[in-house]
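What's in model_7.txt: compact mmCIF, C-alpha atoms
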# COMPACT_ATOMS: atom_id res chain seq x y z
CA MET A 1 -6.25 -26.25 -26.12
CA LYS A 2 -2.52 -26.70 -26.45
CA PRO A 3 -1.36 -26.12 -30.03
CA VAL A 4 0.85 -28.78 -31.57
CA LYS A 5 4.41 -27.52 -31.52
CA LYS A 6 5.84 -26.98 -34.95
CA THR A 7 8.97 -28.73 -36.14
CA LEU A 8 11.94 -26.67 -35.04
CA PRO A 9 14.07 -25.20 -37.85
CA ARG A 10 17.73 -26.18 -37.60
CA LEU A 11 19.11 -22.70 -38.18
CA TYR A 12 18.67 -20.26 -35.33
CA VAL A 13 19.32 -16.55 -35.80
CA VAL A 14 19.81 -14.24 -32.83
CA SER A 15 19.19 -10.56 -33.54
CA ASN A 16 21.63 -7.84 -32.62
CA CYS A 17 20.15 -4.45 -33.39
CA ARG A 18 23.06 -2.57 -31.89
CA GLU A 19 24.85 -3.12 -35.18
CA LEU A 20 22.00 -1.63 -37.19
CA SER A 21 21.63 2.10 -37.73
CA SER A 22 17.80 2.04 -37.87
CA PRO A 23 16.72 -1.31 -36.42
CA GLU A 24 12.98 -0.63 -36.59
CA ILE A 25 13.27 -0.56 -40.41
CA GLN A 26 16.27 -2.83 -41.02
CA LEU A 27 15.39 -5.69 -38.69
CA PRO A 28 11.92 -6.42 -40.11
CA GLU A 29 13.50 -6.28 -43.60
CA LEU A 30 16.28 -8.70 -42.61
CA VAL A 31 13.80 -11.08 -41.01
CA SER A 32 11.60 -10.93 -44.08
CA ARG A 33 14.53 -11.79 -46.36
CA ILE A 34 15.85 -14.57 -44.14
CA THR A 35 12.51 -16.27 -43.51
CA SER A 36 11.46 -16.13 -47.15
CA HIS A 37 14.74 -17.88 -48.01
CA LEU A 38 14.57 -20.75 -45.53
CA PRO A 39 12.85 -21.64 -42.25
CA VAL A 40 14.69 -20.34 -39.18
CA ILE A 41 14.03 -19.50 -35.56
CA ILE A 42 14.52 -15.79 -35.00
CA GLN A 43 15.25 -14.60 -31.49
CA LEU A 44 14.86 -10.91 -30.73
CA ARG A 45 17.57 -10.18 -28.22
CA GLU A 46 17.47 -6.44 -27.64
CA LYS A 47 18.17 -5.90 -23.98
CA HIS A 48 18.72 -2.16 -24.39
CA LEU A 49 15.15 -1.53 -25.56
CA SER A 50 12.29 -0.49 -23.29
CA ALA A 51 9.41 -2.98 -23.09
CA LYS A 52 7.29 -0.63 -25.19
CA ALA A 53 9.95 -0.37 -27.92
CA LEU A 54 10.50 -4.15 -27.89
CA TYR A 55 6.75 -4.76 -28.12
CA GLU A 56 6.47 -2.44 -31.12
CA LEU A 57 9.56 -3.88 -32.83
CA THR A 58 8.22 -7.42 -32.33
CA LEU A 59 4.93 -6.51 -33.99
CA LYS A 60 6.82 -4.99 -36.94
CA VAL A 61 9.00 -8.08 -37.30
CA LYS A 62 5.98 -10.34 -37.03
CA ALA A 63 4.22 -8.44 -39.78
CA ARG A 64 7.14 -9.14 -42.14
CA LYS A 65 7.60 -12.79 -41.22
CA PRO A 66 5.69 -14.91 -43.71
CA ASP A 67 3.39 -17.47 -42.17
CA SER A 68 5.89 -20.19 -42.88
CA ALA A 69 7.78 -22.78 -40.89
CA SER A 70 9.84 -20.00 -39.29
CA LEU A 71 9.37 -19.19 -35.61
CA LEU A 72 9.75 -15.98 -33.63
CA SER A 73 11.10 -16.00 -30.10
CA ILE A 74 11.80 -13.19 -27.61
CA ASN A 75 14.76 -13.08 -25.26
CA GLU A 76 13.66 -13.42 -21.62
CA ARG A 77 10.44 -11.35 -21.73
CA PHE A 78 7.74 -13.98 -22.10
CA ASP A 79 5.12 -11.31 -21.38
CA ILE A 80 6.08 -9.71 -24.69
CA SER A 81 5.93 -13.09 -26.46
CA LEU A 82 2.41 -13.57 -25.13
CA ALA A 83 1.29 -10.00 -25.83
CA THR A 84 2.50 -10.20 -29.45
CA ASN A 85 1.36 -13.78 -29.95
CA SER A 86 4.93 -14.83 -30.79
CA ASP A 87 6.01 -18.47 -30.77
CA GLY A 88 8.46 -18.59 -27.91
CA VAL A 89 10.76 -17.19 -25.28
CA HIS A 90 14.49 -17.77 -24.83
CA LEU A 91 15.82 -17.63 -21.30
CA PRO A 92 19.39 -16.43 -20.70
CA GLU A 93 21.56 -17.90 -17.96
CA ASN A 94 20.43 -15.46 -15.22
CA SER A 95 16.74 -15.51 -16.14
CA CYS A 96 13.61 -15.98 -14.10
CA PRO A 97 13.56 -19.71 -13.17
CA LEU A 98 12.60 -21.88 -16.15
CA ALA A 99 10.18 -24.06 -14.19
CA ARG A 100 8.21 -20.96 -13.17
CA VAL A 101 8.13 -19.66 -16.73
CA ARG A 102 6.92 -23.08 -17.88
CA SER A 103 4.04 -23.12 -15.43
CA ALA A 104 3.10 -19.50 -16.23
CA THR A 105 3.14 -20.14 -20.01
CA PRO A 106 2.40 -23.81 -20.74
CA ASP A 107 2.07 -23.31 -24.50
CA LEU A 108 5.11 -21.20 -25.36
CA LEU A 109 8.20 -22.69 -26.95
CA ILE A 110 10.84 -22.24 -24.23
CA GLY A 111 14.57 -22.30 -24.89
CA LYS A 112 17.36 -22.02 -22.34
CA SER A 113 21.01 -21.02 -22.64
CA THR A 114 23.32 -23.51 -20.95
CA HIS A 115 27.07 -23.67 -20.44
CA SER A 116 27.54 -27.03 -18.73
CA LEU A 117 26.15 -30.57 -18.72
CA LYS A 118 24.54 -29.98 -15.33
CA GLU A 119 22.72 -26.85 -16.53
CA ALA A 120 21.56 -28.67 -19.64
CA VAL A 121 20.12 -31.64 -17.72
CA THR A 122 18.41 -29.31 -15.23
CA ALA A 123 16.92 -27.20 -18.03
CA GLU A 124 15.47 -30.28 -19.68
CA SER A 125 13.86 -31.49 -16.47
CA ASP A 126 12.53 -27.97 -15.76
CA GLY A 127 10.61 -28.10 -19.02
CA ALA A 128 12.77 -26.54 -21.75
CA ASP A 129 11.80 -27.38 -25.33
CA TYR A 130 15.31 -26.84 -26.65
CA LEU A 131 18.75 -25.72 -25.41
CA PHE A 132 21.58 -23.52 -26.48
CA PHE A 133 24.96 -24.95 -25.55
CA GLY A 134 28.16 -23.01 -25.91
CA PRO A 135 30.33 -21.27 -26.62
CA VAL A 136 31.42 -24.23 -28.72
CA PHE A 137 34.10 -22.28 -30.61
CA GLU A 138 36.12 -19.14 -29.99
CA THR A 139 33.97 -16.00 -30.13
CA PRO A 140 34.60 -12.44 -29.03
CA LEU A 141 30.91 -11.99 -28.09
CA LYS A 142 30.89 -14.73 -25.49
CA LYS A 143 34.29 -14.20 -23.87
CA ARG A 144 32.71 -13.79 -20.46
CA TYR A 145 31.71 -17.45 -20.50
CA GLY A 146 35.37 -18.43 -20.57
CA PRO A 147 37.23 -20.59 -23.07
CA PRO A 148 35.28 -22.42 -25.76
CA MET A 149 33.70 -25.74 -24.74
CA GLY A 150 34.63 -27.59 -27.90
CA LEU A 151 32.85 -30.32 -29.82
CA ASP A 152 33.43 -33.07 -27.25
CA LYS A 153 31.50 -31.26 -24.51
CA LEU A 154 28.80 -30.49 -27.05
CA GLU A 155 28.54 -34.19 -27.78
CA THR A 156 28.36 -35.11 -24.08
CA VAL A 157 25.47 -32.68 -23.59
CA CYS A 158 23.64 -33.90 -26.68
CA ARG A 159 23.92 -37.51 -25.51
CA ASN A 160 22.53 -36.72 -22.09
CA VAL A 161 19.42 -34.80 -23.06
CA SER A 162 16.60 -35.77 -25.37
CA ILE A 163 15.54 -32.27 -26.46
CA PRO A 164 17.12 -30.42 -29.42
CA VAL A 165 20.46 -28.72 -28.70
CA TYR A 166 21.65 -25.77 -30.76
CA ALA A 167 25.41 -25.21 -30.84
CA ILE A 168 26.27 -21.54 -30.31
CA GLY A 169 29.48 -19.49 -30.21
CA GLY A 170 31.77 -19.05 -33.20
CA ILE A 171 29.42 -20.91 -35.53
CA THR A 172 30.16 -20.67 -39.28
CA PRO A 173 28.79 -22.52 -42.31
CA GLN A 174 32.14 -24.38 -42.32
CA ASN A 175 31.94 -25.79 -38.78
CA THR A 176 28.17 -26.34 -38.79
CA ASN A 177 28.28 -29.88 -40.10
CA ASN A 178 30.80 -30.84 -37.44
CA CYS A 179 28.37 -29.65 -34.77
CA LEU A 180 25.65 -31.88 -36.21
CA LYS A 181 28.05 -34.84 -36.32
CA HIS A 182 28.62 -34.29 -32.60
CA GLY A 183 24.92 -34.48 -31.87
CA ALA A 184 23.66 -30.91 -32.24
CA TYR A 185 20.17 -30.56 -33.64
CA GLY A 186 21.07 -27.22 -35.20
CA VAL A 187 23.24 -24.13 -34.91
CA ALA A 188 22.67 -20.61 -33.64
CA ALA A 189 24.45 -17.57 -35.00
CA MET A 190 24.30 -13.86 -34.49
CA SER A 191 27.02 -12.02 -36.36
CA PHE A 192 26.26 -13.33 -39.86
CA PHE A 193 22.90 -11.68 -40.03
CA THR A 194 23.51 -7.99 -39.43
CA SER A 195 23.40 -6.89 -43.07
CA THR A 196 21.61 -7.89 -46.24
CA GLN A 197 24.95 -8.11 -48.04
CA ASN A 198 25.70 -11.69 -49.06
CA LEU A 199 22.69 -12.76 -47.02
CA ALA A 200 21.34 -15.22 -49.57
CA ARG A 201 24.74 -16.84 -50.02
CA THR A 202 25.32 -17.09 -46.27
CA LEU A 203 21.93 -18.70 -45.81
CA ASP A 204 22.59 -21.13 -48.68
CA ASN A 205 25.93 -22.06 -47.13
CA PHE A 206 24.31 -22.75 -43.77
CA HIS A 207 21.50 -24.61 -45.45
CA SER A 208 23.80 -26.94 -47.36
CA SER A 209 25.87 -27.62 -44.20
CA LEU A 210 22.73 -28.40 -42.25
CA ASP A 211 21.33 -30.57 -45.01
CA ARG A 212 24.37 -32.70 -45.58
CA MET B 1 -8.32 -2.15 -3.19
CA LYS B 2 -8.88 -1.18 0.39
CA GLN B 3 -10.93 1.82 1.53
CA GLN B 4 -8.19 3.17 3.73
CA ALA B 5 -5.76 5.55 2.02
CA ILE B 6 -2.87 3.74 0.42
CA LEU B 7 0.76 4.05 1.41
CA CYS B 8 2.80 2.58 -1.43
CA CYS B 9 6.52 2.14 -0.80
CA ILE B 10 8.60 1.73 -3.95
CA THR B 11 11.96 -0.01 -3.63
CA ASP B 12 15.14 1.93 -4.31
CA ASP B 13 17.78 0.35 -6.57
CA SER B 14 20.64 1.02 -4.18
CA LEU B 15 19.34 -1.03 -1.22
CA CYS B 16 18.14 -4.60 -0.67
CA PRO B 17 14.53 -4.61 -1.91
CA VAL B 18 13.37 -7.37 0.43
CA LEU B 19 14.72 -5.59 3.50
CA GLN B 20 13.14 -2.33 2.35
CA ALA B 21 9.79 -4.06 1.86
CA GLU B 22 9.96 -5.71 5.26
CA LYS B 23 10.64 -2.44 7.06
CA ALA B 24 7.98 -0.56 5.11
CA LEU B 25 5.39 -3.26 5.84
CA CYS B 26 6.24 -3.32 9.54
CA GLY B 27 5.69 0.45 9.47
CA GLY B 28 2.22 -0.04 7.99
CA ALA B 29 2.70 0.30 4.21
CA SER B 30 -0.31 -1.12 2.38
CA MET B 31 1.41 -1.59 -0.97
CA ILE B 32 4.96 -2.47 -2.03
CA GLN B 33 6.18 -1.86 -5.55
CA LEU B 34 9.31 -3.77 -6.54
CA ARG B 35 11.13 -1.50 -8.92
CA ASN B 36 14.60 -2.25 -10.25
CA LYS B 37 15.46 -1.48 -13.84
CA SER B 38 18.80 -3.24 -14.01
CA ALA B 39 18.53 -6.47 -12.02
CA SER B 40 18.63 -9.91 -13.65
CA GLY B 41 15.51 -12.03 -14.00
CA THR B 42 16.93 -14.44 -11.42
CA ASP B 43 17.30 -11.69 -8.80
CA LEU B 44 13.97 -10.05 -9.61
CA TYR B 45 12.15 -13.36 -9.32
CA SER B 46 13.64 -14.23 -5.94
CA TRP B 47 13.01 -10.73 -4.53
CA ALA B 48 9.48 -10.65 -5.92
CA LYS B 49 8.68 -14.06 -4.44
CA ARG B 50 9.89 -13.03 -1.00
CA ILE B 51 8.14 -9.63 -1.13
CA GLN B 52 4.89 -11.25 -2.26
CA GLU B 53 5.08 -13.57 0.78
CA LEU B 54 5.76 -10.63 3.09
CA CYS B 55 2.86 -8.67 1.60
CA ARG B 56 0.47 -11.60 2.11
CA ALA B 57 1.59 -11.90 5.73
CA HIS B 58 0.94 -8.17 6.25
CA ASP B 59 -2.32 -8.09 4.27
CA ALA B 60 -0.68 -5.68 1.81
CA THR B 61 -0.52 -5.58 -1.99
CA CYS B 62 2.57 -6.62 -3.98
CA ILE B 63 3.11 -4.84 -7.30
CA ILE B 64 5.96 -5.38 -9.78
CA ASN B 65 7.21 -2.45 -11.82
CA ASP B 66 7.55 -3.00 -15.60
CA ARG B 67 8.28 -6.76 -15.54
CA LEU B 68 4.93 -8.36 -16.21
CA ASP B 69 6.79 -11.63 -16.87
CA ILE B 70 8.09 -11.63 -13.29
CA ALA B 71 4.67 -10.70 -11.93
CA LEU B 72 3.11 -13.68 -13.70
CA ALA B 73 5.92 -16.02 -12.67
CA VAL B 74 5.53 -15.21 -8.94
CA ASP B 75 1.77 -14.69 -9.15
CA ALA B 76 2.13 -11.17 -7.74
CA ASP B 77 -0.96 -9.09 -7.06
CA GLY B 78 -0.26 -6.85 -10.03
CA VAL B 79 2.05 -4.72 -12.13
CA HIS B 80 2.80 -1.05 -12.43
CA LEU B 81 3.65 0.23 -15.91
CA GLY B 82 5.14 3.51 -17.07
CA GLN B 83 4.57 5.13 -20.44
CA ASN B 84 7.63 3.30 -21.87
CA ASP B 85 6.58 -0.15 -20.70
CA LEU B 86 4.27 -2.70 -22.27
CA PRO B 87 1.10 -0.92 -23.49
CA ALA B 88 -1.72 -1.04 -20.93
CA GLU B 89 -4.23 -2.79 -23.22
CA ALA B 90 -1.79 -5.63 -23.88
CA ALA B 91 -0.95 -5.89 -20.17
CA ARG B 92 -4.63 -5.99 -19.20
CA LYS B 93 -5.21 -9.02 -21.43
CA LEU B 94 -2.31 -10.92 -19.88
CA LEU B 95 -3.25 -10.00 -16.32
CA GLY B 96 -6.87 -11.11 -16.50
CA SER B 97 -9.49 -9.37 -14.41
CA LYS B 98 -8.21 -10.33 -10.96
CA ARG B 99 -4.68 -8.93 -11.04
CA ILE B 100 -4.08 -5.23 -10.52
CA LEU B 101 -2.86 -2.92 -13.27
CA GLY B 102 -1.38 0.44 -12.28
CA ILE B 103 -0.32 3.02 -14.87
CA SER B 104 1.94 6.06 -14.42
CA VAL B 105 0.37 9.24 -15.76
CA ALA B 106 1.17 12.94 -15.60
CA SER B 107 -1.84 14.53 -17.31
CA VAL B 108 -5.62 14.31 -17.59
CA ASP B 109 -5.30 12.91 -21.14
CA GLU B 110 -2.93 10.14 -20.07
CA ALA B 111 -5.22 9.40 -17.14
CA LYS B 112 -8.29 9.02 -19.38
CA LYS B 113 -6.36 6.82 -21.79
CA ALA B 114 -5.10 4.60 -18.96
CA VAL B 115 -8.62 4.17 -17.60
CA ALA B 116 -9.93 3.27 -21.05
CA SER B 117 -7.10 0.70 -21.36
CA GLY B 118 -8.18 -1.08 -18.21
CA ALA B 119 -6.07 0.44 -15.41
CA ASP B 120 -7.18 -0.30 -11.85
CA TYR B 121 -5.32 2.63 -10.35
CA LEU B 122 -3.11 5.48 -11.52
CA GLY B 123 0.23 6.67 -10.27
CA LEU B 124 0.09 10.42 -10.77
CA GLY B 125 3.22 12.52 -10.62
CA HIS B 126 5.55 13.92 -10.00
CA ILE B 127 3.58 16.26 -7.78
CA PHE B 128 6.47 18.10 -6.12
CA PRO B 129 10.18 18.37 -6.93
CA THR B 130 11.84 15.05 -6.13
CA VAL B 131 15.31 13.70 -5.52
CA SER B 132 14.48 10.04 -6.26
CA LYS B 133 14.31 10.21 -10.03
CA HIS B 134 16.01 12.50 -12.47
CA LYS B 135 13.13 14.33 -14.05
CA SER B 136 13.26 16.47 -17.15
CA SER B 137 9.71 17.74 -16.71
CA GLU B 138 8.37 20.24 -14.17
CA PRO B 139 6.39 19.03 -11.15
CA ILE B 140 2.66 18.96 -11.90
CA GLY B 141 1.45 20.31 -8.56
CA LEU B 142 -1.62 19.71 -6.38
CA GLU B 143 -4.01 21.25 -8.88
CA ARG B 144 -3.41 18.35 -11.29
CA ILE B 145 -4.59 15.89 -8.64
CA VAL B 146 -7.86 17.83 -8.45
CA GLU B 147 -8.25 17.84 -12.25
CA VAL B 148 -7.49 14.13 -12.67
CA THR B 149 -9.59 12.90 -9.75
CA LYS B 150 -12.57 14.99 -10.95
CA THR B 151 -12.30 13.38 -14.38
CA ILE B 152 -11.77 9.74 -13.54
CA SER B 153 -13.16 7.44 -10.88
CA ILE B 154 -10.41 4.86 -10.21
CA PRO B 155 -7.99 5.42 -7.30
CA VAL B 156 -5.16 7.87 -7.87
CA ILE B 157 -1.90 7.38 -6.00
CA ALA B 158 0.12 10.58 -5.96
CA ILE B 159 3.92 10.37 -6.23
CA GLY B 160 6.88 12.72 -6.22
CA GLY B 161 8.39 14.59 -3.33
CA ILE B 162 5.53 13.88 -0.90
CA THR B 163 6.49 14.21 2.77
CA GLU B 164 4.65 14.10 6.08
CA ASP B 165 4.07 17.83 5.73
CA SER B 166 2.30 17.54 2.38
CA VAL B 167 0.36 14.27 2.83
CA CYS B 168 -2.85 15.92 3.98
CA ALA B 169 -2.88 18.45 1.15
CA VAL B 170 -2.36 15.63 -1.37
CA LEU B 171 -5.22 13.56 0.04
CA ARG B 172 -7.51 16.58 0.30
CA ALA B 173 -6.84 17.28 -3.37
CA GLY B 174 -8.45 13.92 -4.11
CA ALA B 175 -5.67 11.33 -4.09
CA SER B 176 -6.52 7.87 -2.71
CA GLY B 177 -3.02 7.42 -1.45
CA ILE B 178 0.64 8.31 -1.79
CA ALA B 179 3.71 6.57 -3.14
CA VAL B 180 7.20 7.24 -1.84
CA ILE B 181 10.70 6.00 -2.56
CA SER B 182 13.47 7.82 -0.76
CA SER B 183 11.48 9.32 2.13
CA VAL B 184 11.11 5.77 3.48
CA ALA B 185 14.01 3.89 1.84
CA HIS B 186 16.63 6.47 2.79
CA ALA B 187 15.20 7.54 6.13
CA PRO B 188 17.50 6.93 9.13
CA ASP B 189 14.82 4.51 10.38
CA PRO B 190 12.70 3.35 7.42
CA GLU B 191 10.18 1.44 9.54
CA ASN B 192 9.62 4.50 11.68
CA ALA B 193 9.33 6.72 8.59
CA ALA B 194 6.65 4.43 7.13
CA ALA B 195 4.84 4.37 10.49
CA SER B 196 4.82 8.18 10.69
CA LEU B 197 3.43 8.45 7.16
CA THR B 198 0.77 5.84 7.98
CA GLN B 199 -0.30 7.76 11.08
CA LYS B 200 -0.35 11.02 9.16
CA ILE B 201 -2.53 9.47 6.44
CA GLN B 202 -5.00 8.18 9.03
CA ALA B 203 -5.01 11.48 10.94
CA CYS B 204 -5.77 13.65 7.92
CA ARG B 205 -8.46 11.30 6.70
CA GLN B 206 -10.49 11.91 9.87
Go ahead and render the structure in this file as structure tokens.
Amino acid sequence: MKPVKKTLPRLYVVSNCRELSSPEIQLPELVSRITSHLPVIIQLREKHLSAKALYELTLKVKARKPDSASLLSINERFDISLATNSDGVHLPENSCPLARVRSATPDLLIGKSTHSLKEAVTAESDGADYLFFGPVFETPLKKRYGPPMGLDKLETVCRNVSIPVYAIGGITPQNTNNCLKHGAYGVAAMSFFTSTQNLARTLDNFHSSLDR
Amino acid sequence: MKQQAILCCITDDSLCPVLQAEKALCGGASMIQLRNKSASGTDLYSWAKRIQELCRAHDATCIINDRLDIALAVDADGVHLGQNDLPAEAARKLLGSKRILGISVASVDEAKKAVASGADYLGLGHIFPTVSKHKSSEPIGLERIVEVTKTISIPVIAIGGITEDSVCAVLRAGASGIAVISSVAHAPDPENAAASLTQKIQACRQ
């Protein structure tokens, strides 16, 4: 039986354990604080970890995520999503083909990173449940994808697909509302969520921008 | 798994995996393990798909190292997991009963644990000193093959520094087959190297 997919939260947080000194303790704590504050999608994106370490970290994070409207997704490794009974998988640009992942895991929430209109349209027809599109703004983390796409390209993508699009790349609480005005369903951010300092305020700022 | 002793050729990161598989299969390899720790999902999928097709054409078994996601996506015959990969119990559930689960072990305790977790075969090593992987531990030697195969009943594929000269000793110690990387991949003629190992395996089984 295929479970009914939950409503997707509009704030999407991508983990980056490289900035944490003891991720196996700090990350579950961060996730616990974030998800008890407001519903988000958390993506564990820890490419440097072995599959065993990622599996164990995922179980720890899952144990601290309240059974709320928040969702847990794993970068690329849908086997780990399935093994840990997580909600979804997020496929990077150079991933295993989306259509194959969809047929191997019909019930998982599948997201796909896209950097052009063509990629976005293809990802939707291959069975993605939501997309990342970016980098929308200037960001040091995504320099390899070239110059920022800007809000107009974001809008073009959002108009041409019918699944939720999360704007990514240089996202702040200040530019979040602009992304929504240009058609984004939500926003994805990484660098705001690497410490518990000011976490509640940051989340509130995002929340009010997303709610406006 | 087949009754005949297994020759498993594992792909080397530095060469085209599909070409390596093709040559090994033409030389008589009965199992190919696609192993590449750094390739993208896109590359791994396309190699795995091609190698799976080649294996079916040669009546051989296609195994993916570590990436159970790729194995499921291409519907490979199975996966091979090391001690730092997805735990065997979790992998067994995802694979179902028909796909093959191989687990790397180095001791009798690890072997027993792998069997209890649902492994279909074990990769036991490294038996001899080897150039293919940088190893911090000492080789475990032929005696360990005897100990492990006396204790457990699933097939044991021995790995690590095995050459034509040592194949018979390894099989006599109880191994159901051998796995090699560089002795086929880096041979001047890989197809010929696989064929020689295949012949040697058959000769010492008689």
Distance in Å - CA of Cys26 (chain B) versus CA of Asp165 (chain B):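 Going from CA of Cys26 (chain B) over to CA of Asp165 (chain B) covers 21.6 Å.
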Using all atoms listed in the file: which of A:Ser162, A:Ser50, A:Thr139, A:Gln26 has the shortest distance to Pro87 (chain B):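 Of A:Ser162, A:Ser50, A:Thr139, A:Gln26, the one nearest Pro87 (chain B) is A:Ser50, counting all atoms listed in the file.
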I'd like the contact shell of Cys8 (chain B) - 10 Å cut-off, all atoms listed in the file, skipping same-chain residues fewer than 3 positions apart - returned as a list of chain:residue names. B:Ala5, B:Thr11, B:Ala24, B:Leu25, B:Gly28, B:Ala29, B:Ser30, B:Met31, B:Ile32, B:Gln33, B:Ala60, B:Thr61, B:Cys62, B:Ile63, B:Ile157, B:Ala158, B:Ile159, B:Gly177, B:Ile178, B:Ala179, B:Val180, B:Ile181, B:Ala194
Write to file, as a tab-separated table (two decimals), keeping the file's coordinate frame, the residues of the selection just made, with C-alpha atoms.
chain	number	residue	atom	x	y	z
B	5	ALA	CA	-5.76	5.55	2.02
B	11	THR	CA	11.96	-0.01	-3.63
B	24	ALA	CA	7.98	-0.56	5.11
B	25	LEU	CA	5.39	-3.26	5.84
B	28	GLY	CA	2.22	-0.04	7.99
B	29	ALA	CA	2.70	0.30	4.21
B	30	SER	CA	-0.31	-1.12	2.38
B	31	MET	CA	1.41	-1.59	-0.97
B	32	ILE	CA	4.96	-2.47	-2.03
B	33	GLN	CA	6.18	-1.86	-5.55
B	60	ALA	CA	-0.68	-5.68	1.81
B	61	THR	CA	-0.52	-5.58	-1.99
B	62	CYS	CA	2.57	-6.62	-3.98
B	63	ILE	CA	3.11	-4.84	-7.30
B	157	ILE	CA	-1.90	7.38	-6.00
B	158	ALA	CA	0.12	10.58	-5.96
B	159	ILE	CA	3.92	10.37	-6.23
B	177	GLY	CA	-3.02	7.42	-1.45
B	178	ILE	CA	0.64	8.31	-1.79
B	179	ALA	CA	3.71	6.57	-3.14
B	180	VAL	CA	7.20	7.24	-1.84
B	181	ILE	CA	10.70	6.00	-2.56
B	194	ALA	CA	6.65	4.43	7.13
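For the point (23.7, -8.4, -38.5) in file coordinates, the residues within 10 Å, using all atoms listed in the file, are Val13, Val14, Ser15, Asn16, Cys17, Arg18, Glu19, Leu20, Gln26, Leu27, Leu30, Ala189, Met190, Ser191, Phe192, Phe193, Thr194, Ser195, Thr196, Gln197 and Leu199 of chain A.
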For chain B, which residue out of A:Ile168, A:Leu91, A:Leu180, A:Leu108 is the nearest one, using only C-alpha atoms? A:Leu91
When you get a sec, could you note down which chain A residues fall within 7 Å of chain B, using all atoms listed in the file, as a list of chain:residue names?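 Applying the cut-off to the listed atoms yields A:Ser50, A:Ala51, A:Lys52, A:Tyr55, A:Arg77, A:Phe78, A:Asp79, A:Ala83, A:Asn94, A:Ser95, A:Cys96, A:Pro97, A:Arg100, A:Val101, A:Ala104.
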When distances are computed from all atoms listed in the file, which of B:Leu101, B:Val108, B:Ala169, B:Cys55 shows the smallest separation from Cys204 (chain B)? B:Ala169
Please compute the CA of Gly134 (chain A)-CA of Val61 (chain A) distance, one decimal, in Å.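 Between these atoms lies a distance of 26.8 Å.
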From the set A:Asn75, A:Ser86, A:Ser21, A:Ser70, which residue has the shortest atom-to-atom contact distance to Gly111 (chain A), counting all atoms listed in the file?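 Smallest separation from Gly111 (chain A) among the options: A:Asn75.
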Go through A:Ile42, A:Ser209, A:Lys47, A:Glu56 one by one, measure the shortest atom-to-atom distance of each to Lys37 (chain B) using all atoms listed in the file, and give the residue with the smallest value.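 Closest to Lys37 (chain B) of all the choices is A:Lys47.
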Work out how far apart CA of Ser153 (chain B) and CA of Val170 (chain B) are and give it in Å to one decimal.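 Spanning CA of Ser153 (chain B) to CA of Val170 (chain B) is a straight-line distance of 16.6 Å.
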Shell of 8 Å around Asp12 (chain B), all atoms listed in the file, local chain residues under 4 positions omitted, as a list of chain:residue names: B:Pro17, B:Arg35, B:Asn36, B:Ile181, B:Ser182, B:Ala185
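Nearest to Ile163 (chain A) of all the residues A:Ser125, A:Ser68, A:Thr105, A:Ser208 is A:Ser125, counting all atoms listed in the file.
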So which residues fall inside 12 Å of (31.3, -22.0, -35.8) if we count all atoms listed in the file? Mind giving them as a ChimeraX atom specification? /A:134-139,148-151,166-180,186-192,206,209
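Summary of the local environment: counting all atoms listed in the file, residues at most 8 Å from Thr84 (chain A), other than itself and those fewer than 4 positions away along its chain, are Tyr55, Thr58, Leu59 and Ile80 of chain A.
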